[in-house]
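Have a look at structure29.cif below; it lists mmCIF, C-alpha atoms (C1' of nucleotides).
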data_upload
loop_
_atom_site.group_PDB
_atom_site.id
_atom_site.type_symbol
_atom_site.label_atom_id
_atom_site.label_comp_id
_atom_site.auth_asym_id
_atom_site.auth_seq_id
_atom_site.Cartn_x
_atom_site.Cartn_y
_atom_site.Cartn_z
ATOM 1 C CA MET Q 1 -95.716 57.463 -48.413
ATOM 2 C CA THR Q 2 -96.096 59.378 -45.213
ATOM 3 C CA LYS Q 3 -98.994 58.320 -43.057
ATOM 4 C CA TYR Q 4 -100.687 60.123 -40.196
ATOM 5 C CA TRP Q 5 -101.642 58.924 -36.744
ATOM 6 C CA LEU Q 6 -103.026 60.090 -33.447
ATOM 7 C CA MET Q 7 -101.621 58.776 -30.189
ATOM 8 C CA LYS Q 8 -103.375 59.201 -26.877
ATOM 9 C CA THR Q 9 -101.678 59.600 -23.567
ATOM 10 C CA GLU Q 10 -102.798 60.618 -20.124
ATOM 11 C CA PRO Q 11 -100.685 63.636 -19.218
ATOM 12 C CA THR Q 12 -100.377 62.344 -15.657
ATOM 13 C CA THR Q 13 -98.633 59.289 -17.120
ATOM 14 C CA PHE Q 14 -96.643 60.853 -19.952
ATOM 15 C CA SER Q 15 -97.236 64.385 -21.201
ATOM 16 C CA ILE Q 16 -95.956 66.479 -24.075
ATOM 17 C CA ASP Q 17 -93.647 68.159 -21.549
ATOM 18 C CA ASP Q 18 -92.253 64.762 -20.618
ATOM 19 C CA LEU Q 19 -91.564 64.153 -24.301
ATOM 20 C CA GLU Q 20 -89.917 67.542 -24.618
ATOM 21 C CA SER Q 21 -87.582 66.815 -21.722
ATOM 22 C CA SER Q 22 -86.701 63.306 -22.925
ATOM 23 C CA PRO Q 23 -83.232 62.680 -24.370
ATOM 24 C CA ASP Q 24 -83.300 63.807 -28.019
ATOM 25 C CA GLN Q 25 -86.966 64.608 -27.319
ATOM 26 C CA THR Q 26 -87.508 60.986 -28.256
ATOM 27 C CA THR Q 27 -89.315 58.175 -26.467
ATOM 28 C CA CYS Q 28 -90.503 54.651 -27.053
ATOM 29 C CA TRP Q 29 -94.279 54.376 -27.094
ATOM 30 C CA GLU Q 30 -94.545 51.409 -24.749
ATOM 31 C CA GLY Q 31 -97.456 49.865 -22.935
ATOM 32 C CA VAL Q 32 -100.062 49.617 -25.676
ATOM 33 C CA ARG Q 33 -102.036 46.487 -24.741
ATOM 34 C CA ASN Q 34 -104.780 46.430 -27.311
ATOM 35 C CA TYR Q 35 -104.598 44.135 -30.336
ATOM 36 C CA GLN Q 36 -105.968 46.571 -32.871
ATOM 37 C CA ALA Q 37 -103.495 49.248 -31.814
ATOM 38 C CA ARG Q 38 -100.751 46.612 -31.645
ATOM 39 C CA ASN Q 39 -101.345 45.705 -35.272
ATOM 40 C CA LEU Q 40 -100.904 49.327 -36.290
ATOM 41 C CA LEU Q 41 -97.699 49.629 -34.278
ATOM 42 C CA ARG Q 42 -96.316 46.380 -35.640
ATOM 43 C CA ASP Q 43 -97.392 46.535 -39.264
ATOM 44 C CA ASP Q 44 -98.408 49.981 -40.407
ATOM 45 C CA ILE Q 45 -96.560 52.763 -38.653
ATOM 46 C CA GLN Q 46 -93.368 53.643 -40.482
ATOM 47 C CA GLU Q 47 -90.370 55.856 -39.893
ATOM 48 C CA GLY Q 48 -91.196 59.367 -41.048
ATOM 49 C CA ASP Q 49 -94.911 59.110 -40.327
ATOM 50 C CA GLN Q 50 -96.501 62.063 -38.586
ATOM 51 C CA VAL Q 51 -98.251 61.914 -35.228
ATOM 52 C CA LEU Q 52 -100.805 64.061 -33.436
ATOM 53 C CA PHE Q 53 -99.964 63.904 -29.734
ATOM 54 C CA TYR Q 54 -103.199 63.868 -27.738
ATOM 55 C CA HIS Q 55 -103.839 64.326 -24.029
ATOM 56 C CA SER Q 56 -106.765 62.211 -22.801
ATOM 57 C CA ALA Q 57 -108.546 61.687 -19.472
ATOM 58 C CA CYS Q 58 -107.672 65.140 -18.239
ATOM 59 C CA LYS Q 59 -109.250 68.545 -17.664
ATOM 60 C CA GLU Q 60 -108.977 69.697 -21.259
ATOM 61 C CA PRO Q 61 -108.576 66.809 -23.687
ATOM 62 C CA ALA Q 62 -106.668 68.160 -26.688
ATOM 63 C CA VAL Q 63 -104.055 67.672 -29.354
ATOM 64 C CA VAL Q 64 -101.070 69.356 -27.766
ATOM 65 C CA GLY Q 65 -98.291 68.718 -30.243
ATOM 66 C CA THR Q 66 -96.929 66.795 -33.177
ATOM 67 C CA ALA Q 67 -94.281 64.121 -33.364
ATOM 68 C CA THR Q 68 -92.418 62.110 -35.955
ATOM 69 C CA VAL Q 69 -91.970 58.351 -35.976
ATOM 70 C CA VAL Q 70 -88.217 57.731 -35.816
ATOM 71 C CA ARG Q 71 -88.324 53.943 -35.418
ATOM 72 C CA SER Q 72 -90.983 51.618 -36.757
ATOM 73 C CA GLY Q 73 -92.485 48.706 -34.831
ATOM 74 C CA TYR Q 74 -90.288 46.522 -32.626
ATOM 75 C CA PRO Q 75 -91.070 44.292 -29.649
ATOM 76 C CA ASP Q 76 -92.153 46.049 -26.453
ATOM 77 C CA SER Q 77 -89.554 44.747 -24.027
ATOM 78 C CA HIS Q 78 -91.495 46.104 -21.051
ATOM 79 C CA ALA Q 79 -93.789 43.109 -21.494
ATOM 80 C CA PHE Q 80 -90.850 40.835 -20.576
ATOM 81 C CA ASP Q 81 -89.915 42.800 -17.465
ATOM 82 C CA ARG Q 82 -91.553 41.341 -14.417
ATOM 83 C CA ARG Q 83 -91.109 44.616 -12.528
ATOM 84 C CA SER Q 84 -92.780 46.715 -15.206
ATOM 85 C CA LYS Q 85 -96.417 47.640 -14.894
ATOM 86 C CA TYR Q 86 -96.662 46.619 -18.543
ATOM 87 C CA PHE Q 87 -95.420 43.090 -17.840
ATOM 88 C CA ASP Q 88 -97.322 40.360 -19.649
ATOM 89 C CA ALA Q 89 -96.430 36.750 -18.907
ATOM 90 C CA LYS Q 90 -97.901 35.643 -22.232
ATOM 91 C CA SER Q 91 -95.374 37.688 -24.197
ATOM 92 C CA SER Q 92 -91.767 36.545 -24.606
ATOM 93 C CA ALA Q 93 -88.687 37.833 -26.370
ATOM 94 C CA ASP Q 94 -88.758 35.113 -29.008
ATOM 95 C CA LYS Q 95 -92.504 35.403 -29.503
ATOM 96 C CA PRO Q 96 -93.470 38.930 -28.591
ATOM 97 C CA THR Q 97 -97.136 39.817 -28.288
ATOM 98 C CA TRP Q 98 -96.728 43.565 -27.980
ATOM 99 C CA TYR Q 99 -94.949 46.151 -30.076
ATOM 100 C CA MET Q 100 -93.929 49.775 -29.808
ATOM 101 C CA VAL Q 101 -92.469 52.527 -31.965
ATOM 102 C CA ASP Q 102 -90.186 55.457 -31.151
ATOM 103 C CA ILE Q 103 -91.398 58.982 -31.642
ATOM 104 C CA GLN Q 104 -89.614 62.324 -31.521
ATOM 105 C CA LEU Q 105 -91.191 65.643 -30.677
ATOM 106 C CA GLN Q 106 -91.726 67.786 -33.727
ATOM 107 C CA GLN Q 107 -93.477 70.718 -32.163
ATOM 108 C CA LYS Q 108 -95.432 71.640 -29.115
ATOM 109 C CA LEU Q 109 -98.513 73.616 -30.080
ATOM 110 C CA ASP Q 110 -98.784 77.137 -28.655
ATOM 111 C CA THR Q 111 -102.531 76.726 -28.976
ATOM 112 C CA PRO Q 112 -103.697 73.168 -28.203
ATOM 113 C CA VAL Q 113 -106.618 72.008 -30.320
ATOM 114 C CA THR Q 114 -109.253 70.885 -27.858
ATOM 115 C CA LEU Q 115 -111.570 67.946 -28.307
ATOM 116 C CA LYS Q 116 -114.446 70.402 -28.157
ATOM 117 C CA ALA Q 117 -112.990 72.526 -30.960
ATOM 118 C CA MET Q 118 -112.507 69.418 -33.090
ATOM 119 C CA ARG Q 119 -116.100 68.364 -32.507
ATOM 120 C CA ASP Q 120 -117.263 71.788 -33.640
ATOM 121 C CA ARG Q 121 -115.262 71.598 -36.856
ATOM 122 C CA ALA Q 122 -117.360 70.307 -39.744
ATOM 123 C CA GLY Q 123 -114.325 69.070 -41.666
ATOM 124 C CA LEU Q 124 -113.366 66.708 -38.855
ATOM 125 C CA LYS Q 125 -116.713 64.921 -38.570
ATOM 126 C CA GLY Q 126 -115.249 61.628 -39.783
ATOM 127 C CA MET Q 127 -112.234 61.636 -37.509
ATOM 128 C CA ALA Q 128 -111.850 58.358 -35.598
ATOM 129 C CA LEU Q 129 -111.257 60.195 -32.338
ATOM 130 C CA LEU Q 130 -114.685 61.804 -32.519
ATOM 131 C CA GLN Q 131 -116.682 58.649 -33.157
ATOM 132 C CA LYS Q 132 -118.867 57.459 -30.329
ATOM 133 C CA GLY Q 133 -117.216 54.818 -28.201
ATOM 134 C CA SER Q 134 -113.848 55.132 -29.929
ATOM 135 C CA ARG Q 135 -111.174 54.180 -27.437
ATOM 136 C CA LEU Q 136 -108.254 53.183 -29.650
ATOM 137 C CA SER Q 137 -105.100 54.710 -28.210
ATOM 138 C CA VAL Q 138 -103.333 54.624 -31.564
ATOM 139 C CA GLN Q 139 -105.481 55.490 -34.521
ATOM 140 C CA PRO Q 140 -105.121 56.502 -38.163
ATOM 141 C CA VAL Q 141 -105.739 60.101 -39.192
ATOM 142 C CA LYS Q 142 -106.336 61.316 -42.730
ATOM 143 C CA LYS Q 143 -103.869 63.816 -44.151
ATOM 144 C CA LYS Q 144 -106.674 66.309 -44.531
ATOM 145 C CA GLU Q 145 -107.647 65.873 -40.876
ATOM 146 C CA PHE Q 146 -104.035 66.245 -39.806
ATOM 147 C CA ASP Q 147 -103.699 69.455 -41.815
ATOM 148 C CA THR Q 148 -106.973 70.806 -40.466
ATOM 149 C CA VAL Q 149 -105.905 70.255 -36.867
ATOM 150 C CA LEU Q 150 -102.627 72.058 -37.503
ATOM 151 C CA LYS Q 151 -104.464 74.908 -39.168
ATOM 152 C CA MET Q 152 -106.725 75.180 -36.114
ATOM 153 C CA ALA Q 153 -103.609 75.424 -33.981
ATOM 154 C CA GLY Q 154 -102.431 78.323 -36.100
ATOM 155 C CA VAL Q 155 -99.460 76.417 -37.442
ATOM 156 C "C1'" DG I 1 -117.106 60.285 -9.238
ATOM 157 C "C1'" DC I 2 -120.382 58.610 -12.714
ATOM 158 C "C1'" DC I 3 -121.360 55.840 -16.378
ATOM 159 C "C1'" DA I 4 -121.555 54.379 -21.366
ATOM 160 C "C1'" DA I 5 -118.982 51.842 -24.512
ATOM 161 C "C1'" DC I 6 -115.855 48.598 -25.472
ATOM 162 C "C1'" DG I 7 -112.461 44.540 -24.977
ATOM 163 C "C1'" DT I 8 -111.252 40.384 -22.598
ATOM 164 C "C1'" DT I 9 -111.988 36.332 -19.897
ATOM 165 C "C1'" DG I 10 -113.776 32.048 -18.783
ATOM 166 C "C1'" DG I 11 -117.623 28.819 -17.779
ATOM 167 C "C1'" DC I 12 -120.597 26.044 -20.199
ATOM 168 C "C1'" DG Z 1 -118.888 29.334 -30.064
ATOM 169 C "C1'" DC Z 2 -121.987 31.862 -26.980
ATOM 170 C "C1'" DC Z 3 -122.486 35.211 -23.624
ATOM 171 C "C1'" DA Z 4 -122.398 37.015 -18.816
ATOM 172 C "C1'" DA Z 5 -119.223 39.058 -15.829
ATOM 173 C "C1'" DC Z 6 -115.642 41.885 -15.259
ATOM 174 C "C1'" DG Z 7 -112.045 45.458 -16.110
ATOM 175 C "C1'" DT Z 8 -110.669 49.602 -18.601
ATOM 176 C "C1'" DT Z 9 -111.159 53.873 -21.121
ATOM 177 C "C1'" DG Z 10 -112.226 58.433 -21.159
ATOM 178 C "C1'" DG Z 11 -115.610 62.262 -21.593
ATOM 179 C "C1'" DC Z 12 -118.384 64.751 -18.690
#
Would you mind writing the file's structure down as structure tokens?
Amino acid sequence: MTKYWLMKTEPTTFSIDDLESSPDQTTCWEGVRNYQARNLLRDDIQEGDQVLFYHSACKEPAVVGTATVVRSGYPDSHAFDRRSKYFDAKSSADKPTWYMVDIQLQQKLDTPVTLKAMRDRAGLKGMALLQKGSRLSVQPVKKKEFDTVLKMAGV
DNA sequence: GCCAACGTTGGC
DNA sequence: GCCAACGTTGGC
């Protein structure tokens, strides 16, 4: 059963254009250091699931594309790499704390769906992204919400 | 740059 | 186990 997710990224760190220019338009979603999001990455996100790719902490926060999960949760090896900014001494290869998935670009939206537009859309009222204080960088999205966002993008 | 909301840390 | 202090997120 296909599930739906939203993943946040700061475009200055990794943007939809970076994903597009990645080999096979695929990347590992490393660096998530929040337990709730970790649990989703490790336990719930499966190959074939659909992802809304969201730009946060920028001029125009918006869903800018969609992606497909091409590899389900596996240990985030960046946590073992002392030179990585995602290094975490408490995580080890035999007992990993952090997990990641691989995603592949599905499509870049010609018309990004802005945070503002989503707030104005009655049908999206319940969306996790729009709840006050919601900071989860990986969050579940209902199929209906996913479809609504795509419709707003004219897809 | 500000600041509200949230998560984590660590002293007790 | 409580909770104050601190760090981070992210919209504005």
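Counting all atoms listed in the file and comparing Q:Ala128, Q:Leu109, Q:Leu19, Q:Ile45, the residue that lies closest to Leu150 of chain Q is Q:Leu109.
Pairwise distance (atom CA of Thr9 of chain Q, atom CA of Pro96 of chain Q) equals 22.8 Å.
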Proximity of chain Q to chain Z: per-residue shortest pair, 12 Å limit, all atoms listed in the file, as a tab-separated table:
residue	atom	partner	partner_atom	distance
Q:Lys8	CA	Z:DG10	C1'	10.6
Q:Thr9	CA	Z:DG10	C1'	10.9
Q:Glu10	CA	Z:DG10	C1'	9.7
Q:Arg33	CA	Z:DT8	C1'	11.0
Q:Asn34	CA	Z:DT8	C1'	11.0
Q:His55	CA	Z:DG10	C1'	10.6
Q:Ser56	CA	Z:DG10	C1'	6.8
Q:Ala57	CA	Z:DG10	C1'	5.2
Q:Cys58	CA	Z:DG10	C1'	8.6
Q:Lys59	CA	Z:DG11	C1'	9.8
Q:Glu60	CA	Z:DG11	C1'	10.0
Q:Pro61	CA	Z:DG11	C1'	8.6
Q:Ala62	CA	Z:DG11	C1'	11.9
Q:Leu115	CA	Z:DG11	C1'	9.7
Q:Lys116	CA	Z:DG11	C1'	10.5
Q:Leu129	CA	Z:DG10	C1'	11.4
Q:Leu130	CA	Z:DG11	C1'	11.0
Q:Lys132	CA	Z:DG11	C1'	10.5
Q:Gly133	CA	Z:DG10	C1'	9.4
Q:Ser134	CA	Z:DT9	C1'	9.3
Q:Arg135	CA	Z:DT9	C1'	6.3
Q:Leu136	CA	Z:DT9	C1'	9.0
Q:Ser137	CA	Z:DT9	C1'	9.4
Expected file: the selected residues, C-alpha atoms, as an mmCIF file, in the coordinates of the input:
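So the final result, stored in result.cif, reads:
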data_model
loop_
_atom_site.group_PDB
_atom_site.id
_atom_site.type_symbol
_atom_site.label_atom_id
_atom_site.label_comp_id
_atom_site.auth_asym_id
_atom_site.auth_seq_id
_atom_site.Cartn_x
_atom_site.Cartn_y
_atom_site.Cartn_z
ATOM 1 C CA LYS Q 8 -103.375 59.201 -26.877
ATOM 2 C CA THR Q 9 -101.678 59.600 -23.567
ATOM 3 C CA GLU Q 10 -102.798 60.618 -20.124
ATOM 4 C CA ARG Q 33 -102.036 46.487 -24.741
ATOM 5 C CA ASN Q 34 -104.780 46.430 -27.311
ATOM 6 C CA HIS Q 55 -103.839 64.326 -24.029
ATOM 7 C CA SER Q 56 -106.765 62.211 -22.801
ATOM 8 C CA ALA Q 57 -108.546 61.687 -19.472
ATOM 9 C CA CYS Q 58 -107.672 65.140 -18.239
ATOM 10 C CA LYS Q 59 -109.250 68.545 -17.664
ATOM 11 C CA GLU Q 60 -108.977 69.697 -21.259
ATOM 12 C CA PRO Q 61 -108.576 66.809 -23.687
ATOM 13 C CA ALA Q 62 -106.668 68.160 -26.688
ATOM 14 C CA LEU Q 115 -111.570 67.946 -28.307
ATOM 15 C CA LYS Q 116 -114.446 70.402 -28.157
ATOM 16 C CA LEU Q 129 -111.257 60.195 -32.338
ATOM 17 C CA LEU Q 130 -114.685 61.804 -32.519
ATOM 18 C CA LYS Q 132 -118.867 57.459 -30.329
ATOM 19 C CA GLY Q 133 -117.216 54.818 -28.201
ATOM 20 C CA SER Q 134 -113.848 55.132 -29.929
ATOM 21 C CA ARG Q 135 -111.174 54.180 -27.437
ATOM 22 C CA LEU Q 136 -108.254 53.183 -29.650
ATOM 23 C CA SER Q 137 -105.100 54.710 -28.210
#
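The two atoms in question, atom CA of Asp76 of chain Q and atom CA of Lys142 of chain Q, are spaced 26.4 Å apart.
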Tell me which protein, DNA and RNA residues are within 12 Å of segment 77-82 of chain Q, counting only C-alpha atoms (C1' of nucleotides), leaving out same-chain ones fewer than 6 positions away, and put them as an mmCIF file with C-alpha atoms, keeping the file's coordinate frame.
data_model
loop_
_atom_site.group_PDB
_atom_site.id
_atom_site.type_symbol
_atom_site.label_atom_id
_atom_site.label_comp_id
_atom_site.auth_asym_id
_atom_site.auth_seq_id
_atom_site.Cartn_x
_atom_site.Cartn_y
_atom_site.Cartn_z
ATOM 1 C CA CYS Q 28 -90.503 54.651 -27.053
ATOM 2 C CA TRP Q 29 -94.279 54.376 -27.094
ATOM 3 C CA GLU Q 30 -94.545 51.409 -24.749
ATOM 4 C CA GLY Q 31 -97.456 49.865 -22.935
ATOM 5 C CA VAL Q 32 -100.062 49.617 -25.676
ATOM 6 C CA ARG Q 33 -102.036 46.487 -24.741
ATOM 7 C CA ASP Q 88 -97.322 40.360 -19.649
ATOM 8 C CA ALA Q 89 -96.430 36.750 -18.907
ATOM 9 C CA LYS Q 90 -97.901 35.643 -22.232
ATOM 10 C CA SER Q 91 -95.374 37.688 -24.197
ATOM 11 C CA SER Q 92 -91.767 36.545 -24.606
ATOM 12 C CA ALA Q 93 -88.687 37.833 -26.370
ATOM 13 C CA ASP Q 94 -88.758 35.113 -29.008
ATOM 14 C CA LYS Q 95 -92.504 35.403 -29.503
ATOM 15 C CA PRO Q 96 -93.470 38.930 -28.591
ATOM 16 C CA THR Q 97 -97.136 39.817 -28.288
ATOM 17 C CA TRP Q 98 -96.728 43.565 -27.980
ATOM 18 C CA TYR Q 99 -94.949 46.151 -30.076
ATOM 19 C CA MET Q 100 -93.929 49.775 -29.808
ATOM 20 C CA VAL Q 101 -92.469 52.527 -31.965
#
